[in-house]
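*Asks:* I'd like to ask you about the structure that follows.
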Amino acid sequence: LALPAAAGPREALPDARRWACFYGKEVSSETWRSLDMVVLDPDNFQGALATGPVRLAYVSAGEADERRSFWPKVEGRPWLVEANPEWPGAHRVDPRAKEWRELVLTQVSSALARGYDGVMFDTLDVAGYLESSAPARFIGAVQGAADIVAETRRRHPQAVVVMNNGLALLPFVADAVDGLLIEDLYTKCMPGTEPCGPSDPKTTAAKEPVLERFHARGKPVFVLLYSRFAERRARWVRRAAARSWEKGFFPYLS
């Protein structure tokens, strides 16, 4: 009898219950062995991409950061829309610009060539923000961002594609995406020194049904929870984790 073929990263993703986002330089071998999925920043991570967990490369698809190696290629370009006031050095990008989309796709190809199993697209929600804040100026921005995801799937059919937030893109790319990562669903935390806390119930109520429908397709939802270190055992943090598990989502507390 022939043995069944080993599951690839895309097939393993729905069972990736233990996962982490880590944008530093190294991960200990003990931590690495404990994970089913890990999101790393290829510009920072210097360790070996050992086998075991599904290994995803962080790729910002809606913002360009001055600290990235590609910044000289985008500085001063007309499709740089505005600075993000909440993240110094980050600039919102018009995703309809072909030049930007190709730059993002080049990052994807580079990460896969280095041994990553796929990508986690961040900042795609910028497209929805632009289109809703100035519809006449940015009509088609959501479609432009969705084109990045769809083209990634077309060029790399075996790659794992996870999308962070960007729920406005789902009508266009739900079939192309293997999983969703979501922030601010149950916890809210901003840069600075203000305490973190539970998300606005209206935000939770608006997002949960969308995530439930996606999860019903047999695809995983990863919930990124936040707290300050001193808050990590707070009741609202425990409630957020419990709610995630109750919905069948996989939480990670950062």
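We name chains A, B, ... following the order of the structure tokens; residues begin at 1 in each chain, and ligands are numbered from 1 as shown.
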Which residues are close to segment 69-81 of chain A, i.e. within 9 Å by only C-alpha atoms, leaving aside same-chain residues fewer than 4 positions away? Reply as a VMD selection string.
*Replies:* chain A and resid 43 63 to 65 91 to 97 99 to 100 103
*Asks:* Could those selected residues go to a file with C-alpha atoms, as a PDB file, in the first residue's frame?
*Replies:*
ATOM      1  CA  ASP A  43      14.343  41.959   6.990  1.00  0.00           C
ATOM      2  CA  GLU A  63       2.296  50.934   3.627  1.00  0.00           C
ATOM      3  CA  ALA A  64       5.920  51.694   2.794  1.00  0.00           C
ATOM      4  CA  ASP A  65       8.300  52.094   5.720  1.00  0.00           C
ATOM      5  CA  HIS A  91       3.560  55.933   4.642  1.00  0.00           C
ATOM      6  CA  ARG A  92       0.200  54.858   3.219  1.00  0.00           C
ATOM      7  CA  VAL A  93       0.350  53.759  -0.396  1.00  0.00           C
ATOM      8  CA  ASP A  94      -2.169  53.850  -3.223  1.00  0.00           C
ATOM      9  CA  PRO A  95      -2.434  50.116  -4.039  1.00  0.00           C
ATOM     10  CA  ARG A  96      -3.679  50.836  -7.562  1.00  0.00           C
ATOM     11  CA  ALA A  97      -0.128  51.812  -8.581  1.00  0.00           C
ATOM     12  CA  GLU A  99       4.860  49.934  -9.658  1.00  0.00           C
ATOM     13  CA  TRP A 100       3.981  49.391  -5.995  1.00  0.00           C
ATOM     14  CA  LEU A 103       7.458  45.821  -5.657  1.00  0.00           C
TER      15      LEU A 103
END
*Asks:* Near Gly166 of chain A, within 10 Å and counting only C-alpha atoms, which residues show up once chain neighbours fewer than 3 positions away are dropped, as a list of chain:residue names?
*Replies:*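 Within the cut-off, the hits are A:Gly62, A:Phe121, A:Asp122, A:Thr123, A:Leu124, A:Asp125, A:Val126, A:Ala127, A:Gly128, A:Tyr129, A:Val142, A:Ala145, A:Ala146, A:Met163, A:Leu169, A:Leu170, A:Leu180, A:Leu181, A:Ile182.
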*Asks:* Would you list the contacts of Gln46 of chain A as a list in words, taking every protein, DNA or RNA residue within 9 Å and counting only C-alpha atoms, but skipping same-chain residues closer than 3 positions in sequence?
*Replies:*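 Within the cut-off, the hits are Gly24, Lys25, Glu26, Pro42, Asp43 and Leu49 of chain A.
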*Asks:* Could you tell me which of A:Arg155, A:Cys196, A:Trp245, A:Ala150 comes closest to Phe172 of chain A if we count only C-alpha atoms?
*Replies:* A:Ala150
*Asks:* Given only C-alpha atoms as the basis, pick out the residue of A:Gly197, A:Gly89, A:Pro171, A:Gly192 nearest to Arg213 of chain A.
*Replies:*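 Of A:Gly197, A:Gly89, A:Pro171, A:Gly192, the one nearest Arg213 of chain A is A:Pro171, counting only C-alpha atoms.
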*Asks:* Please provide the set of residues having any atom within 7 Å of Cys21 of chain A, restricted to only C-alpha atoms, with same-chain residues fewer than 3 positions apart removed, written as a tab-separated table (two decimals) with N, CA, C and O atoms, in the first residue's frame.
*Replies:*
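Okay, this is what ended up in out-v2.tsv:
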chain	number	residue	atom	x	y	z
A	38	VAL	N	4.52	30.32	12.41
A	38	VAL	CA	5.23	31.49	12.91
A	38	VAL	C	5.32	32.53	11.79
A	38	VAL	O	5.56	32.19	10.63
A	39	VAL	N	5.07	33.79	12.14
A	39	VAL	CA	5.20	34.91	11.21
A	39	VAL	C	6.47	35.66	11.58
A	39	VAL	O	6.61	36.13	12.72
A	40	LEU	N	7.38	35.76	10.64
A	40	LEU	CA	8.68	36.39	10.86
A	40	LEU	C	8.87	37.55	9.89
A	40	LEU	O	8.25	37.59	8.83
*Asks:* From the list A:Tyr186, A:Pro135, A:Ser254, A:Val221, which residue is nearest Ala242 of chain A when using only C-alpha atoms?
*Replies:* A:Tyr186
*Asks:* Mind the document's chain letters and residue numbers, and return as a list in words the residues of segment 20-83 of chain A that DSSP labels strand (DSSP E or B).
*Replies:*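 Residues of segment 20-83 of chain A classed as strand (DSSP E or B): Ala20, Cys21, Phe22, Met37, Val38, Val39, Leu40, Val54, Arg55, Leu56, Ala57, Tyr58, Val59, Ser60, Glu63, Ala64, Asp65, Leu80, Val81, Glu82 and Ala83 of chain A.
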*Asks:* Which one of A:Ala205, A:Pro191, A:Pro198, A:Arg232 sits closest to Pro85 of chain A if you count only C-alpha atoms?
*Replies:* A:Pro191
*Asks:* Between atom CA of Arg238 of chain A and atom CA of Pro251 of chain A, what distance in Å does the model show, to one decimal?
*Replies:*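 That distance, rounded to one decimal, is 10.7 Å.
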*Asks:* Which residues, written as a VMD selection string, have at least one atom at most 12 Å from Thr51 of chain A, with only C-alpha atoms counted and residues fewer than 5 positions away on the same chain left out?
*Replies:* chain A and resid 8 to 9 29 32 to 38 115 to 117
*Asks:* Could those selected residues go to a file with all heavy atoms, as a compact mmCIF listing (two decimals), in the first residue's frame?
*Replies:*
# COMPACT_ATOMS: atom_id res chain seq x y z
N GLY A 8 1.16 19.34 2.96
CA GLY A 8 1.98 20.50 2.73
C GLY A 8 1.58 21.63 3.66
O GLY A 8 0.62 21.52 4.44
N PRO A 9 2.30 22.75 3.61
CA PRO A 9 1.99 23.88 4.49
C PRO A 9 0.56 24.38 4.36
O PRO A 9 -0.07 24.72 5.36
CB PRO A 9 3.01 24.94 4.07
CG PRO A 9 4.15 24.16 3.50
CD PRO A 9 3.52 22.99 2.82
N SER A 29 15.30 27.38 19.81
CA SER A 29 14.92 26.08 19.26
C SER A 29 13.75 25.49 20.03
O SER A 29 12.88 24.82 19.45
CB SER A 29 16.11 25.12 19.29
OG SER A 29 16.61 24.98 20.62
N TRP A 32 10.68 27.29 18.78
CA TRP A 32 10.44 26.88 17.38
C TRP A 32 9.72 25.54 17.34
O TRP A 32 8.76 25.36 16.60
CB TRP A 32 11.78 26.80 16.66
CG TRP A 32 11.67 26.67 15.19
CD1 TRP A 32 11.60 25.49 14.47
CD2 TRP A 32 11.61 27.72 14.22
NE1 TRP A 32 11.51 25.76 13.12
CE2 TRP A 32 11.52 27.12 12.95
CE3 TRP A 32 11.65 29.11 14.32
CZ2 TRP A 32 11.45 27.86 11.77
CZ3 TRP A 32 11.59 29.86 13.15
CH2 TRP A 32 11.48 29.24 11.90
N ARG A 33 10.17 24.59 18.17
CA ARG A 33 9.57 23.25 18.18
C ARG A 33 8.15 23.26 18.72
O ARG A 33 7.37 22.34 18.43
CB ARG A 33 10.43 22.29 19.01
CG ARG A 33 11.76 21.92 18.36
CD ARG A 33 12.40 20.74 19.08
NE ARG A 33 12.67 21.05 20.49
CZ ARG A 33 13.81 21.55 20.92
NH1 ARG A 33 14.80 21.81 20.08
NH2 ARG A 33 13.98 21.80 22.21
N SER A 34 7.78 24.27 19.48
CA SER A 34 6.46 24.31 20.10
C SER A 34 5.39 24.89 19.18
O SER A 34 4.20 24.86 19.52
CB SER A 34 6.52 25.15 21.38
OG SER A 34 6.61 26.53 21.09
N LEU A 35 5.79 25.44 18.02
CA LEU A 35 4.86 26.20 17.19
C LEU A 35 4.36 25.39 15.99
O LEU A 35 5.08 24.57 15.43
CB LEU A 35 5.54 27.48 16.68
CG LEU A 35 5.94 28.50 17.75
CD1 LEU A 35 6.74 29.64 17.11
CD2 LEU A 35 4.71 29.05 18.46
N ASP A 36 3.12 25.69 15.60
CA ASP A 36 2.56 25.16 14.37
C ASP A 36 2.69 26.17 13.23
O ASP A 36 2.65 25.78 12.05
CB ASP A 36 1.07 24.84 14.55
CG ASP A 36 0.83 23.82 15.66
OD1 ASP A 36 1.56 22.82 15.71
OD2 ASP A 36 -0.07 24.05 16.50
N MET A 37 2.79 27.45 13.57
CA MET A 37 2.94 28.51 12.56
C MET A 37 3.69 29.66 13.20
O MET A 37 3.50 29.96 14.38
CB MET A 37 1.57 29.00 12.06
CG MET A 37 1.66 30.07 10.97
SD MET A 37 0.02 30.72 10.48
CE MET A 37 -0.26 31.97 11.78
N VAL A 38 4.52 30.32 12.41
CA VAL A 38 5.23 31.49 12.91
C VAL A 38 5.32 32.53 11.79
O VAL A 38 5.56 32.19 10.63
CB VAL A 38 6.64 31.12 13.44
CG1 VAL A 38 7.50 30.50 12.34
CG2 VAL A 38 7.32 32.32 14.06
N GLY A 115 13.08 30.34 1.47
CA GLY A 115 12.63 29.17 2.21
C GLY A 115 11.36 29.34 3.00
O GLY A 115 10.90 28.39 3.66
N TYR A 116 10.76 30.52 2.96
CA TYR A 116 9.48 30.71 3.64
C TYR A 116 8.39 29.92 2.90
O TYR A 116 8.44 29.75 1.68
CB TYR A 116 9.11 32.19 3.70
CG TYR A 116 9.91 32.98 4.70
CD1 TYR A 116 11.12 33.57 4.33
CD2 TYR A 116 9.49 33.12 6.01
CE1 TYR A 116 11.89 34.29 5.25
CE2 TYR A 116 10.24 33.84 6.93
CZ TYR A 116 11.43 34.42 6.55
OH TYR A 116 12.18 35.12 7.46
N ASP A 117 7.41 29.46 3.66
CA ASP A 117 6.31 28.69 3.08
C ASP A 117 5.23 29.59 2.48
O ASP A 117 4.38 29.11 1.70
CB ASP A 117 5.64 27.81 4.14
CG ASP A 117 6.61 26.80 4.73
OD1 ASP A 117 7.24 26.07 3.93
OD2 ASP A 117 6.74 26.75 5.97
*Asks:* List the neighbours of Ala240 of chain A out to 7 Å using only C-alpha atoms; skip same-chain residues closer than 4 positions along the sequence, and give me the result as number ranges by chain.
*Replies:* A: 186-187, 236, 244
*Asks:* Atoms to include: all heavy atoms. Write the selected residues as a compact mmCIF listing (two decimals), in the first residue's frame.
*Replies:*
# COMPACT_ATOMS: atom_id res chain seq x y z
N TYR A 186 -10.80 41.65 19.87
CA TYR A 186 -11.20 41.58 21.28
C TYR A 186 -10.36 42.45 22.19
O TYR A 186 -10.74 42.70 23.33
CB TYR A 186 -11.14 40.13 21.77
CG TYR A 186 -12.01 39.18 20.99
CD1 TYR A 186 -11.49 38.01 20.43
CD2 TYR A 186 -13.37 39.43 20.80
CE1 TYR A 186 -12.29 37.13 19.72
CE2 TYR A 186 -14.17 38.56 20.08
CZ TYR A 186 -13.62 37.41 19.54
OH TYR A 186 -14.42 36.54 18.82
N THR A 187 -9.19 42.88 21.72
CA THR A 187 -8.34 43.76 22.51
C THR A 187 -7.90 44.94 21.66
O THR A 187 -7.84 44.85 20.44
CB THR A 187 -7.09 43.02 23.03
OG1 THR A 187 -6.30 42.58 21.92
CG2 THR A 187 -7.48 41.83 23.89
N TRP A 236 -9.80 40.86 31.34
CA TRP A 236 -10.23 41.13 29.96
C TRP A 236 -9.36 40.40 28.93
O TRP A 236 -9.83 40.06 27.85
CB TRP A 236 -10.26 42.63 29.68
CG TRP A 236 -8.98 43.38 29.91
CD1 TRP A 236 -8.58 44.00 31.05
CD2 TRP A 236 -7.92 43.59 28.96
NE1 TRP A 236 -7.34 44.58 30.88
CE2 TRP A 236 -6.92 44.35 29.61
CE3 TRP A 236 -7.75 43.22 27.63
CZ2 TRP A 236 -5.74 44.74 28.97
CZ3 TRP A 236 -6.57 43.60 26.99
CH2 TRP A 236 -5.59 44.36 27.66
N SER A 244 -12.04 33.76 21.75
CA SER A 244 -11.41 33.29 20.52
C SER A 244 -11.59 31.78 20.38
O SER A 244 -12.03 31.29 19.32
CB SER A 244 -9.92 33.64 20.52
OG SER A 244 -9.71 35.03 20.62
*Asks:* Output as a PyMOL selection string all residues of segment 28-179 of chain A that backbone DSSP marks as alpha helix (DSSP H).
*Replies:* chain A and resi 29-34+71-74+98-113+125-133+135-138+141-155+170-173
*Asks:* Applying 9 Å and only C-alpha atoms, which residues near Ser109 of chain A remain after dropping the ones on its own chain fewer than 4 positions away? List them as a list in words.
*Replies:*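 Selected residues are Val104, Leu105, Ala113, Arg114, Thr152, Arg155 and His156 of chain A.
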